[in-house]
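*Asks:* My structure file model-v1.cif, mmCIF, C-alpha atoms, is below:
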data_final
#
loop_
_atom_site.group_PDB
_atom_site.id
_atom_site.type_symbol
_atom_site.label_atom_id
_atom_site.label_comp_id
_atom_site.auth_asym_id
_atom_site.auth_seq_id
_atom_site.Cartn_x
_atom_site.Cartn_y
_atom_site.Cartn_z
ATOM 1 C CA THR B 1 73.415 106.724 99.523
ATOM 2 C CA ALA B 2 77.059 106.127 100.346
ATOM 3 C CA LEU B 3 76.521 107.445 103.869
ATOM 4 C CA GLY B 4 73.605 105.057 104.397
ATOM 5 C CA LEU B 5 75.690 102.154 103.149
ATOM 6 C CA ALA B 6 78.590 103.107 105.378
ATOM 7 C CA GLN B 7 76.344 103.375 108.426
ATOM 8 C CA SER B 8 74.873 99.926 107.814
ATOM 9 C CA LEU B 9 78.130 97.946 107.651
ATOM 10 C CA PRO B 10 78.113 95.277 110.370
ATOM 11 C CA PRO B 11 81.317 94.905 112.438
ATOM 12 C CA GLN B 12 81.556 91.205 111.521
ATOM 13 C CA LEU B 13 81.653 91.977 107.763
ATOM 14 C CA ARG B 14 84.341 89.920 105.971
ATOM 15 C CA VAL B 15 83.906 90.754 102.261
ATOM 16 C CA LEU B 16 82.954 94.086 100.714
ATOM 17 C CA CYS B 17 82.798 94.348 96.921
ATOM 18 C CA LEU B 18 81.363 97.493 95.345
ATOM 19 C CA PRO B 19 82.432 97.382 91.674
ATOM 20 C CA SER B 20 81.467 100.355 89.498
ATOM 21 C CA SER B 21 79.544 101.870 92.389
ATOM 22 C CA HIS B 22 80.451 105.511 91.626
ATOM 23 C CA LEU B 23 80.926 106.320 95.295
ATOM 24 C CA GLY B 24 82.873 109.428 94.472
ATOM 25 C CA PRO B 25 85.292 111.103 96.858
ATOM 26 C CA GLU B 26 82.765 111.921 99.590
ATOM 27 C CA GLY B 27 81.242 108.447 99.541
ATOM 28 C CA ALA B 28 84.668 106.849 99.735
ATOM 29 C CA GLN B 29 85.510 108.997 102.757
ATOM 30 C CA CYS B 30 82.279 107.917 104.484
ATOM 31 C CA LEU B 31 83.135 104.322 103.684
ATOM 32 C CA ALA B 32 86.655 104.781 105.062
ATOM 33 C CA ARG B 33 85.251 105.965 108.396
ATOM 34 C CA ALA B 34 82.847 103.016 108.517
ATOM 35 C CA LEU B 35 85.606 100.502 107.761
ATOM 36 C CA GLU B 36 87.316 101.511 110.989
ATOM 37 C CA GLN B 37 84.481 99.647 112.732
ATOM 38 C CA CYS B 38 84.902 96.507 110.577
ATOM 39 C CA PRO B 39 88.145 94.847 111.735
ATOM 40 C CA ASN B 40 87.204 91.467 110.221
ATOM 41 C CA ILE B 41 87.344 92.594 106.577
ATOM 42 C CA GLU B 42 89.273 89.992 104.572
ATOM 43 C CA GLU B 43 88.492 91.133 101.027
ATOM 44 C CA PHE B 44 87.809 94.662 99.775
ATOM 45 C CA SER B 45 87.096 95.713 96.194
ATOM 46 C CA LEU B 46 86.261 99.052 94.605
ATOM 47 C CA ILE B 47 87.072 98.133 91.005
ATOM 48 C CA SER B 48 86.061 100.892 88.554
ATOM 49 C CA CYS B 49 84.955 103.312 91.271
ATOM 50 C CA LYS B 50 85.675 106.965 90.757
ATOM 51 C CA ILE B 51 87.558 108.158 93.818
ATOM 52 C CA ASP B 52 90.272 110.769 94.094
ATOM 53 C CA ASP B 53 93.708 110.447 95.671
ATOM 54 C CA GLN B 54 92.579 111.909 98.982
ATOM 55 C CA ALA B 55 89.713 109.416 99.302
ATOM 56 C CA ALA B 56 92.089 106.578 98.396
ATOM 57 C CA LYS B 57 94.399 107.708 101.205
ATOM 58 C CA HIS B 58 91.494 107.691 103.678
ATOM 59 C CA LEU B 59 90.551 104.174 102.587
ATOM 60 C CA ALA B 60 94.142 102.952 102.811
ATOM 61 C CA THR B 61 94.501 104.363 106.322
ATOM 62 C CA SER B 62 91.290 102.665 107.452
ATOM 63 C CA LEU B 63 92.174 99.359 105.817
ATOM 64 C CA MET B 64 95.495 99.321 107.669
ATOM 65 C CA LEU B 65 93.400 98.863 110.828
ATOM 66 C CA CYS B 66 91.958 95.596 109.464
ATOM 67 C CA PRO B 67 94.317 92.806 110.588
ATOM 68 C CA ALA B 68 92.376 90.096 108.720
ATOM 69 C CA LEU B 69 92.674 91.864 105.336
ATOM 70 C CA GLU B 70 94.042 89.526 102.662
ATOM 71 C CA GLU B 71 92.999 91.043 99.339
ATOM 72 C CA ILE B 72 92.331 94.517 97.949
ATOM 73 C CA LEU B 73 91.048 94.941 94.404
#
For this file, produce the structure as structure tokens.
*Replies:*
Amino acid sequence: TALGLAQSLPPQLRVLCLPSSHLGPEGAQCLARALEQCPNIEEFSLISCKIDDQAAKHLATSLMLCPALEEIL
């Protein structure tokens, strides 16, 4: 599940690519909360994932807390 994935993200994670994962809005919000604990993210990709505007805002807010972030796809 998206919640299980979000809970298992290690803090040292650098790359997270979940293309076509169909997280949906709730899954994206869970992921956004988990990303707050992953400050080392350098690359993040959710290509072809179905998320709504609100979930995208949650993700954007969380990713702003990742100083190492270089690429978002």
*Asks:* Report the distance between atom CA of B:Ala68 and atom CA of B:Glu42 in Å, rounded to one decimal place.
*Replies:* 5.2 Å
*Asks:* Apply the PyMOL selection byres ((chain B and resi 9) around 9) to the displayed file and report the matching residues as a list in words.
*Replies:*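 On this input, the PyMOL selection byres ((chain B and resi 9) around 9) captures Leu5, Ala6, Gln7, Ser8, Pro10, Pro11, Gln12, Leu13, Ala34, Leu35, Gln37 and Cys38 of chain B.
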*Asks:* Could you please determine the separation between atom CA of B:Leu16 and atom CA of B:Asp52 in Å, to one decimal place?
*Replies:*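 About the pair atom CA of B:Leu16 and atom CA of B:Asp52: they are 19.4 Å apart.
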*Asks:* For B:Gln54, which residue out of B:Ile41, B:Leu73, B:Ala32, B:Leu3 is the nearest one, using only C-alpha atoms?
*Replies:*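 Closest residue, counting only C-alpha atoms: B:Ala32.
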*Asks:* Could you list as a list in words every residue that has an atom within 12 Å of (73.0, 102.6, 95.6), using the file's coordinates and counting all atoms listed in the file?
*Replies:*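 Protein, DNA and RNA residues close to (73.0, 102.6, 95.6): Thr1, Ala2, Leu3, Gly4, Leu5, Ala6, Leu18, Pro19, Ser20, Ser21, His22, Leu23 and Gly27 of chain B.
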*Asks:* Suppose you want the space between atom CA of B:Ile51 and atom CA of B:Ala28; what is it in Å?
*Replies:*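 Separation of atom CA of B:Ile51 and atom CA of B:Ala28: 6.7 Å.
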*Asks:* Point out the residue among B:Ile47, B:Glu36, B:Cys17, B:Pro25 with the least atom-to-atom distance to B:Leu65, counting all atoms listed in the file.
*Replies:*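 Of B:Ile47, B:Glu36, B:Cys17, B:Pro25, the one nearest B:Leu65, counting all atoms listed in the file, is B:Glu36.
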*Asks:* Pick the closest to B:Ser48 from B:Gly24, B:Ala60, B:Cys66, B:Leu31: which is it, counting only C-alpha atoms?
*Replies:*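 For B:Ser48, the nearest of the given residues is B:Gly24.
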*Asks:* Considering all atoms listed in the file, can you say which of B:Phe44, B:Pro39, B:Ile72, B:Cys30 comes closest to B:His58?
*Replies:*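 Smallest separation from B:His58 among the options: B:Cys30.
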*Asks:* Could the centre and edge lengths of an axis-aligned box, enclosing all atoms of stretch 46-62 of chain B in the file with 4 Å extra on each side, be given in Å to one decimal as lines of an AutoDock Vina configuration file?
*Replies:*
center_x = 89.7
center_y = 105.0
center_z = 98.0
size_x = 17.5
size_y = 21.8
size_z = 26.9
*Asks:* Can you work out which one of B:Asp53, B:Met64, B:Glu26, B:Val15 has the shortest atom-to-atom distance to B:Asn40, counting all atoms listed in the file?
*Replies:*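 Residue with the minimum atom-to-atom distance to B:Asn40: B:Val15.
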